[in-house]
Amino acid sequence: MAPSPTSTHPAATPDDSWLATDPAWAGVRQELIDVDGRPVRVLRADPTGAGAGAQPQLLVHGLGGSAANWIDVIAPLARRGPVVAVDLPGFGHTRLVDSDRLTVPGHVSFVRRVLDALGWASATVHGNSMGGLIATHLAAKHPEVVDRLVLVSPALPHSCALRLLPPSVPAVQGMLTMGLPSISGTVLAAATGRDARPAARALLGLIFTDPDAVRPTLLQAMAADALSEDPEQLADRRRTLRSSTASIARLWLEPAPTWRAIRAIEAPTLVLGGTADALVPARVLRHVLASRPDWTGHLITDRRHALMLSEPHEFLDHVEQWLAEHARAA
């Protein structure tokens, strides 16, 4: 049993008024769930239509992200069963507690406890970027809880650390540490019609093919999770970002544990990446897919780092086709 968490932060429910601003998000609600005595923020949708009682799906965001990174796909995925997107500790609106381990193994343990808290014996687990790395290790360590795995631009290392070239880990850490406040300003500026700084817009360009074409409601949703007037929360986010980035760096520089996990995974796995992804090079995903020919993979031309956020319809088409093929095979 996990130790009882301690925290000085009140369990105040974050504002969720932004959920009512876009019809695409109908049926999605925000909740604080109890995970080992600590409040954890999730976005969730109940199953709809024929999906009632079907396979649950848990969505895990990446470094510097939040549950809102999945906002455009939560309701459509619920056609196949209940869907929950979770804020990892220190990200979004899940506040830190003293017992949090802000490392990839720590996040794996946290996600495993989230599944228990939801009452799900197993689920299809989706992970983007760092969330994909977390999901990979979860599926290898706890195969009984992962029925299927969907990895979106997962932050997996090359099997040989010497072949891990750009982007360098210090560059990514520096870019994110400096860029997250800029992204917050960018999305607010774009949502209110003000000009955004070119450097901040370039950071949005890591995700969106055309930052100028992003819906204002989506920008506002991102801002709602990126901004805070609480200096302690902002300090916690910086600490979480630094610690999680350092943990990813260790796994990239010593890739053997992650590659043992890749080889050990039993769950059917779908990998989605983009040829224009500046953070997870396509060549790394090609290497991963070559080592697991039983996995399904698509490297999509001119797509970037978070397909479910930038091109949600493409993401859903690939996932639906893959799930349907597995249902027919079963």
# chains A, B, ... in the order shown; residues from 1 in each chain; ligands from 1
$ closest_atom_pairs --of "segment 229-290 of chain A" --to "segment 296-313 of chain A" --cutoff "9 Å" --atoms "only C-alpha atoms" --output "JSON lines"
{"residue": "A:Pro268", "atom": "CA", "partner": "A:Thr296", "partner_atom": "CA", "distance": 8.3}
{"residue": "A:Thr269", "atom": "CA", "partner": "A:Thr296", "partner_atom": "CA", "distance": 6.3}
{"residue": "A:Leu270", "atom": "CA", "partner": "A:Thr296", "partner_atom": "CA", "distance": 4.8}
{"residue": "A:Val271", "atom": "CA", "partner": "A:Gly297", "partner_atom": "CA", "distance": 4.5}
{"residue": "A:Leu272", "atom": "CA", "partner": "A:His298", "partner_atom": "CA", "distance": 5.1}
{"residue": "A:Gly273", "atom": "CA", "partner": "A:Leu299", "partner_atom": "CA", "distance": 4.7}
{"residue": "A:Gly274", "atom": "CA", "partner": "A:Arg303", "partner_atom": "CA", "distance": 4.3}
{"residue": "A:Thr275", "atom": "CA", "partner": "A:Thr301", "partner_atom": "CA", "distance": 5.2}
{"residue": "A:Ala276", "atom": "CA", "partner": "A:Asp302", "partner_atom": "CA", "distance": 4.9}
{"residue": "A:Asp277", "atom": "CA", "partner": "A:Arg304", "partner_atom": "CA", "distance": 4.1}
{"residue": "A:Ala278", "atom": "CA", "partner": "A:Arg304", "partner_atom": "CA", "distance": 7.2}
{"residue": "A:Leu279", "atom": "CA", "partner": "A:His305", "partner_atom": "CA", "distance": 6.9}
{"residue": "A:Val280", "atom": "CA", "partner": "A:His305", "partner_atom": "CA", "distance": 7.2}
{"residue": "A:Ala282", "atom": "CA", "partner": "A:Leu299", "partner_atom": "CA", "distance": 6.9}
{"residue": "A:Leu285", "atom": "CA", "partner": "A:Leu299", "partner_atom": "CA", "distance": 8.1}
{"residue": "A:Arg286", "atom": "CA", "partner": "A:Leu299", "partner_atom": "CA", "distance": 8.2}
{"residue": "A:Leu289", "atom": "CA", "partner": "A:Gly297", "partner_atom": "CA", "distance": 6.7}
$ residues_around --residues "Arg101 of chain A" --least-positions-apart "2" --cutoff "12 Å" --atoms "only C-alpha atoms" --output "list in words"
Ala2, Pro5, Leu88, Pro89, Gly90, Leu96, Val97, Asp98, Ser99, Thr103, Val104, Pro105, Gly106, His107, Val108, Ser109, Phe110, Arg239, Thr240, Ser243, Ser244 and Ser247 of chain A
$ write_last_selection --atoms "N, CA and C atoms" --output "PDB file, in the first residue's frame"
ATOM      1  N   ALA A   2       0.507   2.211  -0.816  1.00  0.00           N
ATOM      2  CA  ALA A   2       1.297   3.433  -0.904  1.00  0.00           C
ATOM      3  C   ALA A   2       1.175   4.217   0.387  1.00  0.00           C
ATOM      4  N   PRO A   5      -0.325  10.317   1.461  1.00  0.00           N
ATOM      5  CA  PRO A   5       0.292  11.568   1.015  1.00  0.00           C
ATOM      6  C   PRO A   5       0.011  12.688   1.996  1.00  0.00           C
ATOM      7  N   LEU A  88      -0.878  14.166 -14.496  1.00  0.00           N
ATOM      8  CA  LEU A  88       0.181  13.587 -13.677  1.00  0.00           C
ATOM      9  C   LEU A  88       0.547  14.546 -12.540  1.00  0.00           C
ATOM     10  N   PRO A  89       1.152  14.060 -11.464  1.00  0.00           N
ATOM     11  CA  PRO A  89       1.515  14.932 -10.338  1.00  0.00           C
ATOM     12  C   PRO A  89       2.387  16.104 -10.767  1.00  0.00           C
ATOM     13  N   GLY A  90       1.981  17.303 -10.336  1.00  0.00           N
ATOM     14  CA  GLY A  90       2.738  18.507 -10.646  1.00  0.00           C
ATOM     15  C   GLY A  90       2.396  19.137 -11.967  1.00  0.00           C
ATOM     16  N   LEU A  96       1.240  18.562  -6.117  1.00  0.00           N
ATOM     17  CA  LEU A  96       2.225  17.646  -5.563  1.00  0.00           C
ATOM     18  C   LEU A  96       1.912  17.311  -4.108  1.00  0.00           C
ATOM     19  N   VAL A  97       2.308  16.089  -3.710  1.00  0.00           N
ATOM     20  CA  VAL A  97       2.319  15.698  -2.306  1.00  0.00           C
ATOM     21  C   VAL A  97       3.726  15.223  -1.979  1.00  0.00           C
ATOM     22  N   ASP A  98       4.021  15.121  -0.686  1.00  0.00           N
ATOM     23  CA  ASP A  98       5.390  14.827  -0.256  1.00  0.00           C
ATOM     24  C   ASP A  98       5.901  13.498  -0.797  1.00  0.00           C
ATOM     25  N   SER A  99       5.012  12.540  -1.007  1.00  0.00           N
ATOM     26  CA  SER A  99       5.440  11.201  -1.413  1.00  0.00           C
ATOM     27  C   SER A  99       5.659  11.059  -2.916  1.00  0.00           C
ATOM     28  N   THR A 103       9.701  11.091 -11.357  1.00  0.00           N
ATOM     29  CA  THR A 103      10.532  10.383 -12.322  1.00  0.00           C
ATOM     30  C   THR A 103       9.622   9.518 -13.175  1.00  0.00           C
ATOM     31  N   VAL A 104      10.160   8.991 -14.268  1.00  0.00           N
ATOM     32  CA  VAL A 104       9.349   8.097 -15.089  1.00  0.00           C
ATOM     33  C   VAL A 104       8.873   6.888 -14.282  1.00  0.00           C
ATOM     34  N   PRO A 105       9.734   6.188 -13.518  1.00  0.00           N
ATOM     35  CA  PRO A 105       9.208   5.088 -12.687  1.00  0.00           C
ATOM     36  C   PRO A 105       8.164   5.558 -11.684  1.00  0.00           C
ATOM     37  N   GLY A 106       8.351   6.753 -11.118  1.00  0.00           N
ATOM     38  CA  GLY A 106       7.352   7.283 -10.196  1.00  0.00           C
ATOM     39  C   GLY A 106       6.021   7.531 -10.890  1.00  0.00           C
ATOM     40  N   HIS A 107       6.059   8.066 -12.101  1.00  0.00           N
ATOM     41  CA  HIS A 107       4.828   8.297 -12.855  1.00  0.00           C
ATOM     42  C   HIS A 107       4.168   6.970 -13.234  1.00  0.00           C
ATOM     43  N   VAL A 108       4.963   5.944 -13.540  1.00  0.00           N
ATOM     44  CA  VAL A 108       4.403   4.618 -13.833  1.00  0.00           C
ATOM     45  C   VAL A 108       3.610   4.109 -12.634  1.00  0.00           C
ATOM     46  N   SER A 109       4.204   4.226 -11.452  1.00  0.00           N
ATOM     47  CA  SER A 109       3.521   3.785 -10.238  1.00  0.00           C
ATOM     48  C   SER A 109       2.235   4.587 -10.016  1.00  0.00           C
ATOM     49  N   PHE A 110       2.295   5.885 -10.267  1.00  0.00           N
ATOM     50  CA  PHE A 110       1.109   6.729 -10.100  1.00  0.00           C
ATOM     51  C   PHE A 110      -0.007   6.294 -11.048  1.00  0.00           C
ATOM     52  N   ARG A 239       9.528  22.518 -10.719  1.00  0.00           N
ATOM     53  CA  ARG A 239      10.235  21.401 -10.101  1.00  0.00           C
ATOM     54  C   ARG A 239       9.894  20.080 -10.795  1.00  0.00           C
ATOM     55  N   THR A 240       8.606  19.874 -11.089  1.00  0.00           N
ATOM     56  CA  THR A 240       8.180  18.646 -11.751  1.00  0.00           C
ATOM     57  C   THR A 240       8.778  18.546 -13.138  1.00  0.00           C
ATOM     58  N   SER A 243      12.589  17.698 -12.815  1.00  0.00           N
ATOM     59  CA  SER A 243      12.833  16.332 -12.355  1.00  0.00           C
ATOM     60  C   SER A 243      12.421  15.308 -13.403  1.00  0.00           C
ATOM     61  N   SER A 244      11.273  15.525 -14.035  1.00  0.00           N
ATOM     62  CA  SER A 244      10.813  14.580 -15.050  1.00  0.00           C
ATOM     63  C   SER A 244      11.719  14.591 -16.272  1.00  0.00           C
ATOM     64  N   SER A 247      14.796  12.638 -15.528  1.00  0.00           N
ATOM     65  CA  SER A 247      14.529  11.207 -15.549  1.00  0.00           C
ATOM     66  C   SER A 247      14.484  10.670 -16.976  1.00  0.00           C
TER      67      SER A 247
END
$ residues_around --residues "Ser129 of chain A" --least-positions-apart "4" --cutoff "6 Å" --atoms "only C-alpha atoms" --output "number ranges by chain"
A: 62, 153-155
$ select_by_dssp --residues "segment 237-279 of chain A" --states "strand (DSSP E or B)" --output "ChimeraX atom specification"
/A:269-274
$ atom_distance --atom1 "atom CA of Glu232 of chain A" --atom2 "atom CA of Trp18 of chain A"
23.4 Å
$ residues_around --residues "Arg263 of chain A" --least-positions-apart "5" --cutoff "10 Å" --atoms "only C-alpha atoms" --output "short mmCIF file (atom, residue, chain, number, x, y, z; two decimals) with N, CA and C atoms, in the first residue's frame"
data_model
loop_
_atom_site.label_atom_id
_atom_site.label_comp_id
_atom_site.auth_asym_id
_atom_site.auth_seq_id
_atom_site.Cartn_x
_atom_site.Cartn_y
_atom_site.Cartn_z
N ALA A 140 4.98 -3.07 -19.68
CA ALA A 140 5.98 -4.12 -19.43
C ALA A 140 5.96 -4.57 -17.98
N THR A 258 14.55 0.71 -21.02
CA THR A 258 13.39 0.97 -21.87
C THR A 258 13.30 -0.06 -22.98
N VAL A 288 12.23 1.46 -33.53
CA VAL A 288 11.37 0.73 -32.59
C VAL A 288 10.45 -0.23 -33.35
N SER A 291 12.03 -3.34 -34.64
CA SER A 291 12.31 -4.34 -33.60
C SER A 291 11.05 -5.06 -33.14
N ARG A 292 9.88 -4.47 -33.42
CA ARG A 292 8.60 -5.09 -33.05
C ARG A 292 7.69 -5.14 -34.27
#
$ select_by_dssp --residues "segment 49-293 of chain A" --states "helix (DSSP H, G or I)" --output "PyMOL selection string"
chain A and resi 49-51+67-77+104-118+130-141+143-145+161-163+169-192+198-204+211-213+216-226+231-253+256-264+282-291
$ atom_distance --atom1 "atom CA of Thr136 of chain A" --atom2 "atom CA of Val114 of chain A"
16.1 Å
$ residues_around --residues "segment 91-95 of chain A" --least-positions-apart "6" --cutoff "6 Å" --atoms "only C-alpha atoms" --output "list in words"
Val40, Arg41, Ser66 and Asp225 of chain A
$ write_last_selection --atoms "all heavy atoms" --output "compact mmCIF listing (two decimals), in the first residue's frame"
# COMPACT_ATOMS: atom_id res chain seq x y z
N VAL A 40 -6.79 14.02 -7.43
CA VAL A 40 -6.16 13.97 -8.75
C VAL A 40 -7.17 14.46 -9.76
O VAL A 40 -8.31 13.97 -9.82
CB VAL A 40 -5.70 12.54 -9.09
CG1 VAL A 40 -5.28 12.43 -10.55
CG2 VAL A 40 -4.56 12.13 -8.16
N ARG A 41 -6.78 15.42 -10.58
CA ARG A 41 -7.69 16.00 -11.57
C ARG A 41 -7.72 15.13 -12.82
O ARG A 41 -6.68 14.75 -13.37
CB ARG A 41 -7.24 17.41 -11.90
CG ARG A 41 -8.17 18.18 -12.83
CD ARG A 41 -7.86 17.99 -14.30
NE ARG A 41 -8.43 19.04 -15.11
CZ ARG A 41 -7.76 19.71 -16.04
NH1 ARG A 41 -6.51 19.41 -16.29
NH2 ARG A 41 -8.35 20.66 -16.74
N SER A 66 -1.00 18.28 -19.94
CA SER A 66 -2.07 18.03 -18.98
C SER A 66 -3.13 17.18 -19.67
O SER A 66 -3.04 16.89 -20.87
CB SER A 66 -2.68 19.34 -18.48
OG SER A 66 -3.48 19.93 -19.51
N ASP A 225 -5.05 25.39 -18.35
CA ASP A 225 -4.21 24.44 -17.62
C ASP A 225 -2.78 24.93 -17.45
O ASP A 225 -2.05 24.41 -16.61
CB ASP A 225 -4.20 23.09 -18.35
CG ASP A 225 -5.38 22.23 -17.95
OD1 ASP A 225 -6.26 22.72 -17.21
OD2 ASP A 225 -5.45 21.06 -18.38
$ atom_distance --atom1 "atom CA of Val152 of chain A" --atom2 "atom CA of Val319 of chain A"
10.6 Å
$ residues_around --residues "Asp22 of chain A" --least-positions-apart "3" --cutoff "9 Å" --atoms "only C-alpha atoms" --output "MDAnalysis selection string"
chainID A and resid 18:19 25:26 217:218
$ write_last_selection --atoms "all heavy atoms" --output "mmCIF file, in the first residue's frame"
data_model
loop_
_atom_site.group_PDB
_atom_site.id
_atom_site.type_symbol
_atom_site.label_atom_id
_atom_site.label_comp_id
_atom_site.auth_asym_id
_atom_site.auth_seq_id
_atom_site.Cartn_x
_atom_site.Cartn_y
_atom_site.Cartn_z
ATOM 1 N N TRP A 18 -14.385 26.526 -19.257
ATOM 2 C CA TRP A 18 -13.936 26.425 -20.643
ATOM 3 C C TRP A 18 -14.513 25.203 -21.355
ATOM 4 O O TRP A 18 -14.636 25.184 -22.585
ATOM 5 C CB TRP A 18 -12.409 26.397 -20.703
ATOM 6 C CG TRP A 18 -11.783 25.262 -19.945
ATOM 7 C CD1 TRP A 18 -11.396 25.271 -18.633
ATOM 8 C CD2 TRP A 18 -11.467 23.957 -20.439
ATOM 9 N NE1 TRP A 18 -10.869 24.040 -18.279
ATOM 10 C CE2 TRP A 18 -10.900 23.223 -19.374
ATOM 11 C CE3 TRP A 18 -11.608 23.337 -21.680
ATOM 12 C CZ2 TRP A 18 -10.472 21.904 -19.514
ATOM 13 C CZ3 TRP A 18 -11.187 22.017 -21.828
ATOM 14 C CH2 TRP A 18 -10.628 21.315 -20.743
ATOM 15 N N LEU A 19 -14.930 24.177 -20.586
ATOM 16 C CA LEU A 19 -15.481 22.982 -21.213
ATOM 17 C C LEU A 19 -16.782 23.254 -21.956
ATOM 18 O O LEU A 19 -17.141 22.502 -22.873
ATOM 19 C CB LEU A 19 -15.714 21.898 -20.157
ATOM 20 C CG LEU A 19 -14.497 21.076 -19.727
ATOM 21 C CD1 LEU A 19 -14.818 20.239 -18.505
ATOM 22 C CD2 LEU A 19 -14.015 20.198 -20.881
ATOM 23 N N TRP A 25 -16.721 19.272 -27.154
ATOM 24 C CA TRP A 25 -16.406 18.728 -25.839
ATOM 25 C C TRP A 25 -17.641 18.346 -25.044
ATOM 26 O O TRP A 25 -17.556 18.085 -23.833
ATOM 27 C CB TRP A 25 -15.563 19.743 -25.052
ATOM 28 C CG TRP A 25 -14.348 20.186 -25.811
ATOM 29 C CD1 TRP A 25 -13.687 19.484 -26.779
ATOM 30 C CD2 TRP A 25 -13.657 21.439 -25.699
ATOM 31 N NE1 TRP A 25 -12.625 20.219 -27.287
ATOM 32 C CE2 TRP A 25 -12.582 21.424 -26.631
ATOM 33 C CE3 TRP A 25 -13.847 22.566 -24.898
ATOM 34 C CZ2 TRP A 25 -11.713 22.489 -26.779
ATOM 35 C CZ3 TRP A 25 -12.974 23.636 -25.050
ATOM 36 C CH2 TRP A 25 -11.919 23.585 -25.975
ATOM 37 N N ALA A 26 -18.776 18.327 -25.697
ATOM 38 C CA ALA A 26 -20.008 17.924 -25.014
ATOM 39 C C ALA A 26 -19.841 16.511 -24.461
ATOM 40 O O ALA A 26 -19.351 15.607 -25.151
ATOM 41 C CB ALA A 26 -21.189 17.980 -25.980
ATOM 42 N N THR A 217 -11.030 28.344 -28.890
ATOM 43 C CA THR A 217 -11.469 27.577 -27.725
ATOM 44 C C THR A 217 -10.390 26.598 -27.273
ATOM 45 O O THR A 217 -10.204 26.383 -26.061
ATOM 46 C CB THR A 217 -12.760 26.814 -28.033
ATOM 47 O OG1 THR A 217 -12.595 26.048 -29.245
ATOM 48 C CG2 THR A 217 -13.927 27.763 -28.201
ATOM 49 N N LEU A 218 -9.664 26.005 -28.238
ATOM 50 C CA LEU A 218 -8.602 25.081 -27.876
ATOM 51 C C LEU A 218 -7.445 25.826 -27.218
ATOM 52 O O LEU A 218 -6.851 25.347 -26.239
ATOM 53 C CB LEU A 218 -8.121 24.323 -29.114
ATOM 54 C CG LEU A 218 -7.051 23.250 -28.891
ATOM 55 C CD1 LEU A 218 -7.519 22.207 -27.876
ATOM 56 C CD2 LEU A 218 -6.684 22.572 -30.206
#
$ closest_residue --among "A:Val60, A:Val146, A:Leu115, A:Cys160" --to "Glu254 of chain A" --atoms "only C-alpha atoms"
A:Cys160
$ closest_residue --among "A:Met130, A:Ala45, A:Ile74, A:Val84" --to "Leu58 of chain A" --atoms "only C-alpha atoms"
A:Val84
